[in-house]
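A quick write-up on the structure given underneath.
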Amino acid sequence: MSKPYSQWKAMFAITKAGLISIFRSPSAVAFSFGFPLVFILVFGFLGSGNRISIRAALAAGTDTTGYIYHAVKTIPGLIIVDKQQNETEDDLMKGRITAVISIEKNNTATFPEYHIHLRSSEAVNPQNVEILRSILSSQIDHINRRKFQDIPTVADISKEVEKVAGRKYSTIDFILPGQLGFSLLSAGVFGVAFLFYHLRQTLVLKRFFATPISKTHIILGEGLSRVIFQLITAIVILAIGYWFFNFTLVYGWLTFFELLLLSFIGLIVFMAFGFVVSGLASNESAIPPLANIVTLPQFLLAGTFFPIDNFPSWLQPLCKILPLTHLNDAMRNVAFEGAHITDCYRELGVLALWGIIGYMLAVKLFKWE
């Protein structure tokens, strides 16, 4: 009596064959390893302490009735973050903001009318504190010329900057999670779309359909091979960032494994878009344009290289609904800020919603030939 057909054994056989075929493809290896590593190397060598934007908050008790307050709020290039005091302190300690600005009105009849104090942290690049001081001084000089013809000074800025303890936040801590996220997005969309279109075009899927293995296990087998390969890529990227550019892993190995789990979740979600593109493409030349419609906006708008706060306010809501934005945020929170995956429920919820939508479309559009 013959043994019953093993769906799982067949699935793992497909996984093994798929993994071997990926490693035999120079373009797949070059794109998955080479493309993200080039960006990491470039940004890694640019320096490890450069801030990306000047963000600040106003201290509790700041005088908000005078023109100095309104002048500071409208300075171009200075983003004033408005949060609760405990959140502001947390942002300051983690280097998310450059300083907390305190504006005090001088109640005497002498000049200056206002005193400005700055409080920063050790997590902030000192150069950015000086840039902030320069920006504020320039605004004060402008008010002096316009209001007082340069004679008195309307406000002074304290020379001493109060410093609180904090952990150094470097360029690679922002860049690497974004580049890893985009690598996962590209692999999930382009890799899956080309793979399943090729299997369909060469009638491999049709031949699979004629065997006892189920459709679900075929897709799982091929998908598992891509997941394994891309997780190997993620390990290499994280290792290079950590060993060569001091990428921050707050809790060491625990943070490393949590980042791998986030990579797995993100890749599963992004593969849904690859299945959709594969189902929509009528020929092989149609895959790149369709895939770029999915990947390019996220590459540019999801905070891969720059915080989305740098974009115009009308564009930020679009940035905040993109799945890559939430994967990038979750990775940065886990890697640097000491959060755990359980703390990233909002980001994971958005990713899950995108995954559900993506796979519903993928099932509807899936074709055997």
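Going by the structure tokens order, chains are called A, B, ..., each with residues numbered from 1, while ligands are numbered from 1 in the order shown.
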
Item to check | Exercise: stretch 342-352 of chain A partners within 9 Å, only C-alpha atoms, chain neighbours under 2 positions left out, as a PyMOL selection string | outcome: chain A and resi 262+265-266+269+321-327+329-330+333-334+339-340+354-357

Item to check | Test item, helix (DSSP H, G or I) assignment across stretch 88-289 of chain A, answer as a count of residues only | outcome: 131

Item to check | Contact residues around A:Phe336 with only C-alpha atoms at 8 Å, ignoring same-chain residues under 5 positions, as a ChimeraX atom specification | outcome: /A:169,173,248-250

Next on the checklist: as an MDAnalysis selection string, please: the residues near A:Ile228 (cut-off 12 Å, only C-alpha atoms, same-chain neighbours under 2 positions excluded).
Outcome noted: chainID A and resid 15:16 18:20 22:23 184 187 220:226 230:235 260 263:264 267:268

Next on the checklist: as a list in words, please: the residues near A:Arg119 (cut-off 7 Å, only C-alpha atoms, same-chain neighbours under 6 positions excluded).
Outcome noted: Ala99, Val100, Ile101, Val161, Glu162 and Lys163 of chain A

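Nearest residue to A:Ala56 among A:Val236, A:Ile68, A:Ile75, A:Thr202 is A:Ile75, counting only C-alpha atoms.
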